[in-house]
Every structure is written in structure tokens, then in C-alpha cells.
>>> print(open('entry.pdb').read())   # PDB, C-alpha atoms and all ligand atoms
ATOM      1  CA  GLU G  54     205.775  80.534  33.614
ATOM      2  CA  ASP G  55     205.260  79.257  30.092
ATOM      3  CA  PHE G  56     201.482  79.588  29.909
ATOM      4  CA  LEU G  57     201.402  83.180  31.159
ATOM      5  CA  ALA G  58     204.202  84.207  28.819
ATOM      6  CA  THR G  59     202.349  82.725  25.845
ATOM      7  CA  VAL G  60     199.112  84.489  26.792
ATOM      8  CA  ALA G  61     200.910  87.817  27.201
ATOM      9  CA  GLU G  62     202.530  87.404  23.814
ATOM     10  CA  LYS G  63     199.267  86.556  22.058
ATOM     11  CA  SER G  64     197.493  89.518  23.622
ATOM     12  CA  HIS G  65     200.294  91.985  22.887
ATOM     13  CA  GLY G  66     201.557  92.178  26.430
ATOM     14  CA  ALA G  67     198.217  92.351  28.237
ATOM     15  CA  ALA G  68     198.506  90.035  31.224
ATOM     16  CA  LEU G  69     195.781  87.824  32.636
ATOM     17  CA  ARG G  70     194.120  89.336  35.676
ATOM     18  CA  GLY G  71     194.235  86.496  38.174
ATOM     19  CA  ASP G  72     196.797  85.739  40.842
ATOM     20  CA  TYR G  73     198.670  82.785  39.396
ATOM     21  CA  ALA G  74     201.488  82.860  41.944
ATOM     22  CA  SER G  75     199.559  80.884  44.550
ATOM     23  CA  ALA G  76     198.232  78.252  42.120
ATOM     24  CA  ASP G  77     199.312  74.615  42.368
ATOM     25  CA  ALA G  78     200.479  72.461  39.458
ATOM     26  CA  GLN G  79     196.852  71.975  38.345
ATOM     27  CA  TYR G  80     196.290  75.744  38.585
ATOM     28  CA  VAL G  81     194.043  75.285  41.606
ATOM     29  CA  VAL G  82     193.868  78.033  44.260
ATOM     30  CA  GLN G  83     191.917  78.653  47.451
ATOM     31  CA  GLN G  84     188.775  80.684  46.967
ATOM     32  CA  ASP G  85     189.463  82.898  50.042
ATOM     33  CA  TRP G  86     185.786  83.784  50.317
ATOM     34  CA  ALA G  87     186.347  86.090  53.300
ATOM     35  CA  ALA G  88     188.419  88.402  51.092
ATOM     36  CA  TYR G  89     185.498  89.432  48.841
ATOM     37  CA  THR G  90     184.345  92.949  49.669
ATOM     38  CA  GLU G  91     180.779  94.021  50.396
ATOM     39  CA  GLU G  92     180.880  95.964  47.094
ATOM     40  CA  GLU G  93     181.711  92.760  45.252
ATOM     41  CA  HIS G  94     178.843  90.869  46.874
ATOM     42  CA  ALA G  95     176.543  93.764  45.970
ATOM     43  CA  LEU G  96     177.721  93.681  42.357
ATOM     44  CA  TRP G  97     177.093  89.909  42.256
ATOM     45  CA  ARG G  98     173.555  90.486  43.539
ATOM     46  CA  ARG G  99     172.917  93.036  40.784
ATOM     47  CA  LEU G 100     174.264  90.691  38.129
ATOM     48  CA  TYR G 101     172.213  87.821  39.529
ATOM     49  CA  GLN G 102     168.977  89.833  39.686
ATOM     50  CA  ARG G 103     169.363  91.223  36.207
ATOM     51  CA  GLN G 104     169.880  87.738  34.738
ATOM     52  CA  MET G 105     167.102  86.142  36.794
ATOM     53  CA  ALA G 106     164.613  88.668  35.475
ATOM     54  CA  LEU G 107     165.537  87.636  31.912
ATOM     55  CA  LEU G 108     165.618  83.869  32.305
ATOM     56  CA  PRO G 109     161.961  82.743  32.629
ATOM     57  CA  GLY G 110     160.749  81.577  29.229
ATOM     58  CA  ARG G 111     164.286  81.826  27.835
ATOM     59  CA  ALA G 112     166.610  79.548  29.836
ATOM     60  CA  CYS G 113     165.914  75.815  29.793
ATOM     61  CA  ASN G 114     164.090  74.451  32.847
ATOM     62  CA  GLU G 115     167.033  72.267  33.841
ATOM     63  CA  PHE G 116     169.141  75.387  34.281
ATOM     64  CA  ILE G 117     166.569  77.441  36.185
ATOM     65  CA  GLU G 118     165.689  74.617  38.557
ATOM     66  CA  ALA G 119     169.304  73.796  39.379
ATOM     67  CA  LEU G 120     170.170  77.457  39.835
ATOM     68  CA  GLN G 121     167.367  77.905  42.344
ATOM     69  CA  GLY G 122     168.744  74.996  44.341
ATOM     70  CA  LEU G 123     172.089  76.773  44.691
ATOM     71  CA  ASN G 124     170.816  79.683  46.828
ATOM     72  CA  ALA G 125     173.333  81.938  45.118
ATOM     73  CA  ALA G 126     171.245  85.126  45.013
ATOM     74  CA  ASP G 127     172.646  86.857  48.077
ATOM     75  CA  GLY G 128     176.313  87.187  47.210
ATOM     76  CA  ILE G 129     179.317  85.442  45.705
ATOM     77  CA  PRO G 130     178.808  81.789  46.679
ATOM     78  CA  GLN G 131     181.226  79.679  48.669
ATOM     79  CA  PHE G 132     182.488  77.090  46.195
ATOM     80  CA  GLU G 133     182.900  74.372  48.801
ATOM     81  CA  ALA G 134     179.240  74.345  49.793
ATOM     82  CA  THR G 135     178.090  74.086  46.183
ATOM     83  CA  SER G 136     180.772  71.562  45.379
ATOM     84  CA  LYS G 137     179.414  69.236  48.074
ATOM     85  CA  LYS G 138     175.875  69.447  46.689
ATOM     86  CA  LEU G 139     177.162  68.899  43.191
ATOM     87  CA  GLU G 140     179.272  65.928  44.175
ATOM     88  CA  ALA G 141     176.245  64.290  45.774
ATOM     89  CA  ALA G 142     174.170  64.939  42.640
ATOM     90  CA  THR G 143     176.469  63.994  39.748
ATOM     91  CA  GLY G 144     179.937  63.309  41.159
ATOM     92  CA  TRP G 145     181.319  66.613  39.870
ATOM     93  CA  THR G 146     183.255  69.036  42.067
ATOM     94  CA  ILE G 147     184.189  72.691  41.641
ATOM     95  CA  VAL G 148     187.831  73.767  41.788
ATOM     96  CA  ALA G 149     188.866  77.395  42.219
ATOM     97  CA  VAL G 150     191.271  78.777  39.589
ATOM     98  CA  PRO G 151     192.913  82.193  39.068
ATOM     99  CA  GLY G 152     191.356  82.622  35.606
ATOM    100  CA  LEU G 153     192.038  81.083  32.212
ATOM    101  CA  ILE G 154     194.220  78.000  32.460
ATOM    102  CA  PRO G 155     196.178  75.981  29.885
ATOM    103  CA  GLU G 156     194.170  73.706  27.620
ATOM    104  CA  LEU G 157     195.802  70.524  28.862
ATOM    105  CA  THR G 158     194.994  71.380  32.485
ATOM    106  CA  PHE G 159     191.461  72.402  31.582
ATOM    107  CA  PHE G 160     190.824  69.103  29.793
ATOM    108  CA  GLU G 161     192.350  67.126  32.669
ATOM    109  CA  HIS G 162     189.996  68.784  35.143
ATOM    110  CA  LEU G 163     186.946  68.091  33.012
ATOM    111  CA  ALA G 164     187.995  64.512  32.317
ATOM    112  CA  ASN G 165     188.110  64.028  36.113
ATOM    113  CA  ARG G 166     184.737  65.708  36.678
ATOM    114  CA  ARG G 167     186.231  68.847  38.184
ATOM    115  CA  PHE G 168     184.910  72.151  36.893
ATOM    116  CA  PRO G 169     187.356  75.098  37.138
ATOM    117  CA  VAL G 170     185.679  78.293  38.390
ATOM    118  CA  THR G 171     187.497  81.643  38.350
ATOM    119  CA  VAL G 172     187.653  83.267  41.797
ATOM    120  CA  TRP G 173     187.581  86.967  40.898
ATOM    121  CA  LEU G 174     184.575  89.097  40.017
ATOM    122  CA  ARG G 175     184.451  91.691  37.229
ATOM    123  CA  LYS G 176     184.559  95.429  37.978
ATOM    124  CA  PRO G 177     181.343  97.486  38.120
ATOM    125  CA  GLU G 178     182.154  99.102  34.764
ATOM    126  CA  GLU G 179     182.184  95.602  33.235
ATOM    127  CA  PHE G 180     178.572  94.948  34.282
ATOM    128  CA  ASN G 181     177.437  94.383  30.691
ATOM    129  CA  TYR G 182     180.524  93.030  29.039
ATOM    130  CA  ILE G 183     183.710  91.311  30.117
ATOM    131  CA  VAL G 184     186.512  89.833  28.018
ATOM    132  CA  GLU G 185     187.899  87.141  30.342
ATOM    133  CA  PRO G 186     185.550  84.762  32.160
ATOM    134  CA  ASP G 187     184.980  85.760  35.810
ATOM    135  CA  VAL G 188     183.252  84.060  38.744
ATOM    136  CA  PHE G 189     179.837  85.232  37.583
ATOM    137  CA  HIS G 190     180.214  83.688  34.145
ATOM    138  CA  ASP G 191     181.826  80.499  35.416
ATOM    139  CA  PHE G 192     179.587  79.883  38.407
ATOM    140  CA  PHE G 193     176.232  81.276  37.327
ATOM    141  CA  GLY G 194     176.623  80.196  33.712
ATOM    142  CA  HIS G 195     178.225  76.781  33.997
ATOM    143  CA  VAL G 196     177.613  75.200  37.376
ATOM    144  CA  PRO G 197     173.811  74.699  37.268
ATOM    145  CA  LEU G 198     173.819  72.319  34.296
ATOM    146  CA  LEU G 199     176.487  70.159  35.913
ATOM    147  CA  PHE G 200     173.576  68.981  38.082
ATOM    148  CA  ASN G 201     172.029  67.402  34.985
ATOM    149  CA  PRO G 202     173.380  63.834  34.734
ATOM    150  CA  VAL G 203     173.505  63.667  30.937
ATOM    151  CA  PHE G 204     175.042  67.091  30.497
ATOM    152  CA  ALA G 205     177.523  66.350  33.284
ATOM    153  CA  ASP G 206     178.606  63.217  31.413
ATOM    154  CA  TYR G 207     178.877  65.189  28.186
ATOM    155  CA  ILE G 208     181.316  67.672  29.722
ATOM    156  CA  GLN G 209     183.479  64.865  31.067
ATOM    157  CA  ARG G 210     183.530  63.252  27.624
ATOM    158  CA  TYR G 211     184.432  66.601  26.186
ATOM    159  CA  GLY G 212     187.457  66.784  28.482
ATOM    160  CA  GLN G 213     188.543  63.308  27.455
ATOM    161  CA  GLY G 214     187.972  64.276  23.835
ATOM    162  CA  GLY G 215     190.139  67.362  24.360
ATOM    163  CA  LEU G 216     193.089  65.275  25.549
ATOM    164  CA  LYS G 217     192.627  63.114  22.484
ATOM    165  CA  ALA G 218     192.278  66.084  20.111
ATOM    166  CA  MET G 219     195.610  67.429  21.381
ATOM    167  CA  GLN G 220     197.253  64.263  20.063
ATOM    168  CA  LEU G 221     195.381  64.386  16.776
ATOM    169  CA  GLY G 222     195.772  68.067  15.913
ATOM    170  CA  GLY G 223     192.016  68.586  16.269
ATOM    171  CA  LEU G 224     191.936  71.318  18.895
ATOM    172  CA  ASP G 225     190.653  74.116  16.668
ATOM    173  CA  GLN G 226     187.798  71.894  15.579
ATOM    174  CA  LEU G 227     186.925  70.612  19.047
ATOM    175  CA  ALA G 228     187.022  74.118  20.548
ATOM    176  CA  ARG G 229     184.242  75.116  18.138
ATOM    177  CA  LEU G 230     182.037  72.374  19.552
ATOM    178  CA  TYR G 231     182.543  73.674  23.101
ATOM    179  CA  TRP G 232     181.806  77.178  21.965
ATOM    180  CA  TYR G 233     178.613  76.302  20.093
ATOM    181  CA  THR G 234     177.260  73.916  22.744
ATOM    182  CA  VAL G 235     178.545  74.541  26.284
ATOM    183  CA  GLU G 236     178.878  78.298  25.765
ATOM    184  CA  PHE G 237     176.247  79.269  23.182
ATOM    185  CA  GLY G 238     173.927  76.280  22.782
ATOM    186  CA  LEU G 239     170.149  76.402  22.340
ATOM    187  CA  ILE G 240     167.747  73.523  22.976
ATOM    188  CA  ASN G 241     164.381  72.792  21.402
ATOM    189  CA  THR G 242     161.583  72.158  23.913
ATOM    190  CA  PRO G 243     157.805  71.724  23.605
ATOM    191  CA  GLU G 244     157.512  75.363  24.760
ATOM    192  CA  GLY G 245     159.941  76.622  22.112
ATOM    193  CA  LEU G 246     163.663  77.350  21.851
ATOM    194  CA  ARG G 247     165.476  77.705  25.165
ATOM    195  CA  ILE G 248     169.050  78.566  26.159
ATOM    196  CA  TYR G 249     171.489  76.178  27.801
ATOM    197  CA  GLY G 250     174.825  77.820  26.838
ATOM    198  CA  ALA G 251     176.674  79.528  29.692
ATOM    199  CA  GLY G 252     178.028  82.343  27.536
ATOM    200  CA  ILE G 253     174.466  83.421  26.756
ATOM    201  CA  LEU G 254     173.002  82.749  30.194
ATOM    202  CA  SER G 255     175.561  84.993  31.887
ATOM    203  CA  SER G 256     175.203  87.798  29.305
ATOM    204  CA  GLY G 257     172.842  90.711  29.770
ATOM    205  CA  GLY G 258     172.161  91.315  26.108
ATOM    206  CA  GLU G 259     172.487  87.976  24.344
ATOM    207  CA  VAL G 260     169.775  86.220  26.381
ATOM    208  CA  GLU G 261     167.188  88.304  24.568
ATOM    209  CA  TYR G 262     169.041  88.678  21.290
ATOM    210  CA  CYS G 263     169.564  84.979  20.604
ATOM    211  CA  LEU G 264     165.826  84.227  20.786
ATOM    212  CA  THR G 265     164.655  87.250  18.816
ATOM    213  CA  PRO G 266     163.277  86.351  15.384
ATOM    214  CA  GLY G 267     164.387  88.401  12.418
ATOM    215  CA  THR G 268     167.966  89.142  13.453
ATOM    216  CA  THR G 269     170.798  88.324  11.075
ATOM    217  CA  SER G 270     171.838  85.341  13.223
ATOM    218  CA  ARG G 271     171.102  81.763  12.198
ATOM    219  CA  HIS G 272     169.455  79.094  14.329
ATOM    220  CA  ILE G 273     170.150  75.687  12.873
ATOM    221  CA  HIS G 274     169.996  72.143  14.078
ATOM    222  CA  LEU G 275     173.329  70.928  15.469
ATOM    223  CA  ASP G 276     175.210  68.683  13.085
ATOM    224  CA  ILE G 277     178.475  67.705  14.761
ATOM    225  CA  LYS G 278     180.805  67.681  11.787
ATOM    226  CA  ARG G 279     179.308  70.923  10.477
ATOM    227  CA  CYS G 280     179.813  72.560  13.876
ATOM    228  CA  LEU G 281     183.428  71.364  14.128
ATOM    229  CA  ASN G 282     184.020  73.163  10.851
ATOM    230  CA  THR G 283     182.309  76.481  11.708
ATOM    231  CA  LEU G 284     184.207  79.611  12.795
ATOM    232  CA  TYR G 285     182.811  81.668  15.674
ATOM    233  CA  LYS G 286     182.789  85.251  16.905
ATOM    234  CA  ILE G 287     184.433  86.112  20.202
ATOM    235  CA  ASP G 288     183.588  89.815  20.418
ATOM    236  CA  THR G 289     180.041  90.093  19.063
ATOM    237  CA  TYR G 290     176.796  88.183  19.523
ATOM    238  CA  GLN G 291     176.938  84.834  17.746
ATOM    239  CA  GLU G 292     175.968  84.727  14.090
ATOM    240  CA  THR G 293     174.994  81.083  14.342
ATOM    241  CA  TYR G 294     173.262  79.254  17.190
ATOM    242  CA  PHE G 295     173.238  75.478  16.947
ATOM    243  CA  VAL G 296     170.080  73.884  18.338
ATOM    244  CA  ILE G 297     169.846  70.453  19.957
ATOM    245  CA  ASN G 298     166.645  68.514  20.634
ATOM    246  CA  SER G 299     167.826  67.028  23.924
ATOM    247  CA  PHE G 300     170.944  66.516  26.010
ATOM    248  CA  ASP G 301     170.722  62.839  25.099
ATOM    249  CA  GLU G 302     170.927  63.778  21.436
ATOM    250  CA  LEU G 303     174.026  65.874  22.166
ATOM    251  CA  PHE G 304     175.645  63.079  24.138
ATOM    252  CA  GLU G 305     174.941  60.482  21.492
ATOM    253  CA  GLY G 306     175.846  62.669  18.548
ATOM    254  CA  THR G 307     179.290  63.314  20.035
ATOM    255  CA  ALA G 308     179.944  59.696  21.039
ATOM    256  CA  PRO G 309     181.517  58.545  17.732
ATOM    257  CA  ASP G 310     185.280  58.646  17.314
ATOM    258  CA  PHE G 311     186.218  62.093  15.989
ATOM    259  CA  THR G 312     189.510  60.917  14.428
ATOM    260  CA  PRO G 313     188.095  60.683  10.889
ATOM    261  CA  TYR G 314     186.347  64.053  11.314
ATOM    262  CA  TYR G 315     189.636  65.739  12.219
ATOM    263  CA  ASP G 316     191.418  64.053   9.312
ATOM    264  CA  GLU G 317     188.778  65.208   6.867
ATOM    265  CA  LEU G 318     188.406  68.746   8.216
ATOM    266  CA  LYS G 319     192.135  69.477   8.282
ATOM    267  CA  THR G 320     192.033  69.836   4.508
ATOM    268  CA  LYS G 321     188.869  71.960   4.438
ATOM    269  CA  THR G 322     188.314  75.686   4.748
ATOM    270  CA  PRO G 323     186.031  76.327   7.735
ATOM    271  CA  TYR G 324     182.601  77.856   7.196
ATOM    272  CA  PRO G 325     182.209  81.515   8.144
ATOM    273  CA  ALA G 326     180.252  82.180  11.329
ATOM    274  CA  ASN G 327     177.156  83.280   9.427
ATOM    275  CA  SER G 328     176.702  80.508   6.864
ATOM    276  CA  LEU G 329     173.465  78.782   5.945
ATOM    277  CA  LEU G 330     174.282  75.718   3.881
ATOM    278  CA  ASP G 331     172.176  73.910   1.284
ATOM    279  CA  GLY G 332     169.552  71.825   3.022
ATOM    280  CA  GLU G 333     169.759  73.704   6.349
ATOM    281  CA  THR G 334     166.606  75.198   7.849
ATOM    282  CA  GLU G 335     166.421  78.405   9.887
ATOM    283  CA  LEU G 336     164.649  77.346  13.089
ATOM    284  CA  LEU G 337     163.645  80.858  14.200
ATOM    285  CA  PRO G 338     162.223  82.453  11.049
ATOM    286  CA  GLY G 339     161.652  86.217  11.120
TER     287      GLY G 339
HETATM  288  N1  LIG G 401     183.818  61.291  20.652
HETATM  289  C1  LIG G 401     184.867  62.267  20.688
HETATM  290  C2  LIG G 401     186.194  61.677  20.165
HETATM  291  O1  LIG G 401     186.295  60.549  19.880
HETATM  292  C3  LIG G 401     185.094  62.787  22.096
HETATM  293  C4  LIG G 401     184.061  63.771  22.507
HETATM  294  C5  LIG G 401     182.953  63.402  23.246
HETATM  295  C6  LIG G 401     184.226  65.095  22.194
HETATM  296  C7  LIG G 401     182.010  64.330  23.639
HETATM  297  C8  LIG G 401     183.302  66.008  22.590
HETATM  298  C9  LIG G 401     182.204  65.665  23.304
HETATM  299  O2  LIG G 401     187.146  62.394  20.044
HETATM  300 FE    FE G 402     182.605  79.562  29.902
END
>>> encode(input="entry.pdb", output="C-alpha cells")
Amino acid sequence: EDFLATVAEKSHGAALRGDYASADAQYVVQQDWAAYTEEEHALWRRLYQRQMALLPGRACNEFIEALQGLNAADGIPQFEATSKKLEAATGWTIVAVPGLIPELTFFEHLANRRFPVTVWLRKPEEFNYIVEPDVFHDFFGHVPLLFNPVFADYIQRYGQGGLKAMQLGGLDQLARLYWYTVEFGLINTPEGLRIYGAGILSSGGEVEYCLTPGTTSRHIHLDIKRCLNTLYKIDTYQETYFVINSFDELFEGTAPDFTPYYDELKTKTPYPANSLLDGETELLPG
């Protein structure tokens, strides 16, 4: 399999963890919920409780409210039950996948309002930190906001934009937008900065860190072209958090054709992850 061979090569032989043998052409598998062990359900409950204790006053209300509607506190959820609720709410469904999947497939799922969720759960020793996304990150972090109609539309547009970026050589740029919004985005509310990014919401440490004033990380208003041109960290807390004022603002700001952005940025050196440019304001001063 091409994809798995490429991943193994890039990671110096380390294979992906999932069971790819049973996946279909779209990398979809059965969740096989009955196969989770009682230890795994117990680990899920610990992860869930730890995050829930951190979220009030930090996660955006849209996330907390949708999460509560999922009744996912007691163990690893059954995807099908949630998928039905989600389909009724915003027309999205959840598909089970063995883990990371090829970009093209990922974009195709999103463009068709299907969100891929990894079936396996991390090991107990990975309670605080995990390299590959697991079911806790994918489900807990990503699924709740798919109940928000505007955000749900944004992710679909992102998938369509990904298919387009593949044609235009803009994938590096577009991936930064996903990272800094869907994974690590912050939103301004009347009560203060709140988190909507799944990478933060499913992380034990970054939920607190990203909202702590006086760290070395930046909090700046999201400018799309600037974000497309900003490098990110994959193995430390983020050095920049981009802040939106509303999901509508995010949707509208990303609506223009990115073709000229890609053309322009191809010739530019990206900004380091910790830059503060002329005219930018730190939104969480120390
Ligand atoms: N407007 C972008 C384009 O033309 C597509 C896009 C939409 C990308 C929303 C990301 C998010 O390529
Ligand atoms: Fe993710």
C-alpha cells in the first residue's frame, strides 16, 4: 500500500498503529465497539473527566453545549449513535478510520460532510501526550463543533479547498490554516478568549497554557493570508494562537478564492511560528 509505505519512510520505518488491512477504498472501517476492553472504557472516562474539569471558562460555549448533548462521559462512544444525531443536526456523519489517512481521502470525506474518526484509543502511558490522533482526540475534540451549522459548513469548504489546493500546489499553506483554526483556534467572546481548536480541547496541558497571560506564545487576530504563511510546531505548545471573533468571520474570511494567495506565497519565506509582525497586537498581554 502506497500511503503506508510513504508514511513509514517519512517516519524512519515507524509504522502507523491502526489496522489498515480491513479498510475500504475510502479508508473506512467498522468501529467494532464490542471489542473495546473495560480498561479502555475506564481510560476514556479518565480522559473525559480530566478535560471536563478544565473546560468551563476556557472552551467556547458551542463546544461545551454540544459535548453535553453527546452523553459521551461513560465510555468510548458508539459512532453510529452520534452520527445519527449529527446528521439530523447539520447533515454531517462520522466515519470510522484506522488512523491517519491520505490527504486526498481526508479532503474527500470532509467535502462530503463525513468526519473521519480514528477507532483506537491511546495507551494509559499516553494519558498526557500522544503523537498520532486517537479516538479521544478525534471524537472529543472534533465532533462537538460539527453540530454548529457555520463551523460545519467551514469544515466542508475546507475539504473542497483541500482538493483544490492539491491542484494548485497550495497544500503546505492550506494545512497551516487547518492547524491554526480547526486544531488550535481561539475565539473572542464577550466573556474573554475561549478555545475552539480540537488539538487544544483534547490536550491536558494546553487548555490552560494557551489562555495564560505572560507566556512566550502570541495571541493575534486571524488574518488568512498571514496564517497561510506561518509555520507551526507539532511537538510543543503552539507559539502563536490565531483568534477569530466569530465562526461567521472565519467562514467569510476564507470564502475568497485562494489561488492568488498560493501564487504569491510560493515565492515567500514563511514566518516562524513565534513571529509578531508590524501592526499586530498581542490579544492576551502579560
Ligand atoms: N476559499 C478557498 C479556496 O478558494 C477554499 C477554502 C474555504 C479553504 C474554506 C479553507 C476554508 O481555495
Ligand atoms: Fe485533529
>>> residues_near_ligand(input="entry.pdb", ligand="ligand LIG 401 (chain G)", cutoff="6 Å", atoms="only C-alpha atoms and all ligand atoms", output="list in words")
Tyr207, Arg210, Tyr211, Gly214, Thr307, Ala308, Pro309, Asp310 and Phe311 of chain G
>>> residues_near_ligand(input="entry.pdb", ligand="ligand FE 402 (chain G)", cutoff="8 Å", atoms="all atoms listed in the file", output="PyMOL selection string")
chain G and resi 186+190-191+194-195+235-236+251-252
>>> write_last_selection(input="entry.pdb", atoms="C-alpha atoms", output="mmCIF file, keeping the file's coordinate frame")
data_model
loop_
_atom_site.group_PDB
_atom_site.id
_atom_site.type_symbol
_atom_site.label_atom_id
_atom_site.label_comp_id
_atom_site.auth_asym_id
_atom_site.auth_seq_id
_atom_site.Cartn_x
_atom_site.Cartn_y
_atom_site.Cartn_z
ATOM 1 C CA PRO G 186 185.550 84.762 32.160
ATOM 2 C CA HIS G 190 180.214 83.688 34.145
ATOM 3 C CA ASP G 191 181.826 80.499 35.416
ATOM 4 C CA GLY G 194 176.623 80.196 33.712
ATOM 5 C CA HIS G 195 178.225 76.781 33.997
ATOM 6 C CA VAL G 235 178.545 74.541 26.284
ATOM 7 C CA GLU G 236 178.878 78.298 25.765
ATOM 8 C CA ALA G 251 176.674 79.528 29.692
ATOM 9 C CA GLY G 252 178.028 82.343 27.536
#
>>> residues_around(input="entry.pdb", residues="G:Ala76", least_positions_apart="6", cutoff="10 Å", atoms="only C-alpha atoms", output="mmCIF file with C-alpha atoms, in the frame of the given file")
data_model
loop_
_atom_site.group_PDB
_atom_site.id
_atom_site.type_symbol
_atom_site.label_atom_id
_atom_site.label_comp_id
_atom_site.auth_asym_id
_atom_site.auth_seq_id
_atom_site.Cartn_x
_atom_site.Cartn_y
_atom_site.Cartn_z
ATOM 1 C CA VAL G 82 193.868 78.033 44.260
ATOM 2 C CA GLN G 83 191.917 78.653 47.451
ATOM 3 C CA ALA G 149 188.866 77.395 42.219
ATOM 4 C CA VAL G 150 191.271 78.777 39.589
ATOM 5 C CA PRO G 151 192.913 82.193 39.068
#
>>> residues_around(input="entry.pdb", residues="G:Ile297", least_positions_apart="4", cutoff="12 Å", atoms="all atoms listed in the file", output="NGL selection string")
:G and (113 or 233-235 or 237-242 or 245-250 or 272-277 or 280 or 301-307 or 336)
>>> resolve_selection(input="entry.pdb", expression="the PyMOL selection byres (((chain G and resi 110) around 12) and not hetatm)", output="short mmCIF file (atom, residue, chain, number, x, y, z; two decimals) with C-alpha atoms, in the coordinates of the input")
data_model
loop_
_atom_site.label_atom_id
_atom_site.label_comp_id
_atom_site.auth_asym_id
_atom_site.auth_seq_id
_atom_site.Cartn_x
_atom_site.Cartn_y
_atom_site.Cartn_z
CA MET G 105 167.10 86.14 36.79
CA ALA G 106 164.61 88.67 35.48
CA LEU G 107 165.54 87.64 31.91
CA LEU G 108 165.62 83.87 32.30
CA PRO G 109 161.96 82.74 32.63
CA ARG G 111 164.29 81.83 27.84
CA ALA G 112 166.61 79.55 29.84
CA CYS G 113 165.91 75.82 29.79
CA ASN G 114 164.09 74.45 32.85
CA PHE G 116 169.14 75.39 34.28
CA ILE G 117 166.57 77.44 36.18
CA THR G 242 161.58 72.16 23.91
CA PRO G 243 157.80 71.72 23.60
CA GLU G 244 157.51 75.36 24.76
CA GLY G 245 159.94 76.62 22.11
CA LEU G 246 163.66 77.35 21.85
CA ARG G 247 165.48 77.70 25.16
CA ILE G 248 169.05 78.57 26.16
CA VAL G 260 169.78 86.22 26.38
CA GLU G 261 167.19 88.30 24.57
CA LEU G 264 165.83 84.23 20.79
#
>>> atom_distance(input="entry.pdb", atom1="atom CA of G:Gly257", atom2="atom CA of G:Asp206")
28.1 Å
>>> atom_distance(input="entry.pdb", atom1="atom CA of G:Arg99", atom2="atom CA of G:Pro177")
9.9 Å
>>> residues_around(input="entry.pdb", residues="G:Pro323", least_positions_apart="3", cutoff="9 Å", atoms="all atoms listed in the file", output="list in words")
Leu281, Asn282, Thr283, Leu284, Leu318 and Ala326 of chain G
>>> atom_distance(input="entry.pdb", atom1="atom CA of G:Asp187", atom2="atom CA of G:Gln84")
12.8 Å
>>> residues_around(input="entry.pdb", residues="stretch 70-75 of chain G", least_positions_apart="6", cutoff="12 Å", atoms="only C-alpha atoms", output="VMD selection string")
chain G and resid 54 to 57 60 to 61 81 to 85 149 to 155 170 to 176 183 to 188
>>> residues_around(input="entry.pdb", residues="G:Pro325", least_positions_apart="3", cutoff="10 Å", atoms="all atoms listed in the file", output="PyMOL selection string")
chain G and resi 282-286+292-293+322+328-329
>>> axis_aligned_box(input="entry.pdb", around="stretch 101-119 of chain G", padding_each_side="5 Å", output="AutoDock Vina command-line options")
--center_x 166.5 --center_y 81.7 --center_z 33.8 --size_x 21.5 --size_y 29.0 --size_z 21.9
>>> residues_near_point(input="entry.pdb", point="(194.5, 65.2, 20.6)", cutoff="12 Å", atoms="all atoms listed in the file", output="PyMOL selection string")
chain G and resi 156-157+160+211-228+310-312+315-316
>>> closest_residue(input="entry.pdb", among="G:Ile253, G:Ala205, G:Cys263, G:Ile147", to="G:Ala134", atoms="all atoms listed in the file")
G:Ile147
>>> closest_residue(input="entry.pdb", among="G:Ser64, G:Gln79, G:Thr334, G:Asn124", to="G:Thr158", atoms="all atoms listed in the file")
G:Gln79
>>> decode(input="entry.pdb", residues="stretch 209-222 of chain G", atoms="N, CA and C atoms", output="PDB file, in the first residue's frame")
ATOM      1  N   GLN G 209     -16.542  21.668   5.690  1.00  0.00           N
ATOM      2  CA  GLN G 209     -16.808  21.162   4.335  1.00  0.00           C
ATOM      3  C   GLN G 209     -16.063  22.000   3.298  1.00  0.00           C
ATOM      4  N   ARG G 210     -16.139  23.315   3.430  1.00  0.00           N
ATOM      5  CA  ARG G 210     -15.426  24.190   2.499  1.00  0.00           C
ATOM      6  C   ARG G 210     -13.922  23.930   2.552  1.00  0.00           C
ATOM      7  N   TYR G 211     -13.453  23.648   3.742  1.00  0.00           N
ATOM      8  CA  TYR G 211     -12.036  23.344   3.874  1.00  0.00           C
ATOM      9  C   TYR G 211     -11.688  22.098   3.049  1.00  0.00           C
ATOM     10  N   GLY G 212     -12.521  21.082   3.127  1.00  0.00           N
ATOM     11  CA  GLY G 212     -12.273  19.870   2.348  1.00  0.00           C
ATOM     12  C   GLY G 212     -12.266  20.153   0.847  1.00  0.00           C
ATOM     13  N   GLN G 213     -13.225  20.949   0.418  1.00  0.00           N
ATOM     14  CA  GLN G 213     -13.259  21.326  -1.003  1.00  0.00           C
ATOM     15  C   GLN G 213     -12.012  22.133  -1.364  1.00  0.00           C
ATOM     16  N   GLY G 214     -11.631  23.021  -0.456  1.00  0.00           N
ATOM     17  CA  GLY G 214     -10.429  23.826  -0.670  1.00  0.00           C
ATOM     18  C   GLY G 214      -9.172  22.970  -0.714  1.00  0.00           C
ATOM     19  N   GLY G 215      -9.172  21.856   0.038  1.00  0.00           N
ATOM     20  CA  GLY G 215      -8.030  20.955   0.036  1.00  0.00           C
ATOM     21  C   GLY G 215      -7.870  20.281  -1.320  1.00  0.00           C
ATOM     22  N   LEU G 216      -8.980  19.833  -1.887  1.00  0.00           N
ATOM     23  CA  LEU G 216      -8.928  19.203  -3.218  1.00  0.00           C
ATOM     24  C   LEU G 216      -8.388  20.201  -4.241  1.00  0.00           C
ATOM     25  N   LYS G 217      -8.803  21.441  -4.088  1.00  0.00           N
ATOM     26  CA  LYS G 217      -8.345  22.486  -4.995  1.00  0.00           C
ATOM     27  C   LYS G 217      -6.861  22.803  -4.762  1.00  0.00           C
ATOM     28  N   ALA G 218      -6.456  22.870  -3.519  1.00  0.00           N
ATOM     29  CA  ALA G 218      -5.053  23.186  -3.193  1.00  0.00           C
ATOM     30  C   ALA G 218      -4.109  22.118  -3.735  1.00  0.00           C
ATOM     31  N   MET G 219      -4.597  20.865  -3.800  1.00  0.00           N
ATOM     32  CA  MET G 219      -3.756  19.792  -4.345  1.00  0.00           C
ATOM     33  C   MET G 219      -3.415  20.088  -5.800  1.00  0.00           C
ATOM     34  N   GLN G 220      -4.359  20.660  -6.519  1.00  0.00           N
ATOM     35  CA  GLN G 220      -4.131  21.001  -7.930  1.00  0.00           C
ATOM     36  C   GLN G 220      -3.203  22.201  -8.072  1.00  0.00           C
ATOM     37  N   LEU G 221      -3.258  23.083  -7.071  1.00  0.00           N
ATOM     38  CA  LEU G 221      -2.568  24.370  -7.201  1.00  0.00           C
ATOM     39  C   LEU G 221      -1.223  24.402  -6.497  1.00  0.00           C
ATOM     40  N   GLY G 222      -0.831  23.287  -5.874  1.00  0.00           N
ATOM     41  CA  GLY G 222       0.426  23.289  -5.124  1.00  0.00           C
ATOM     42  C   GLY G 222       0.340  24.127  -3.855  1.00  0.00           C
TER      43      GLY G 222
END
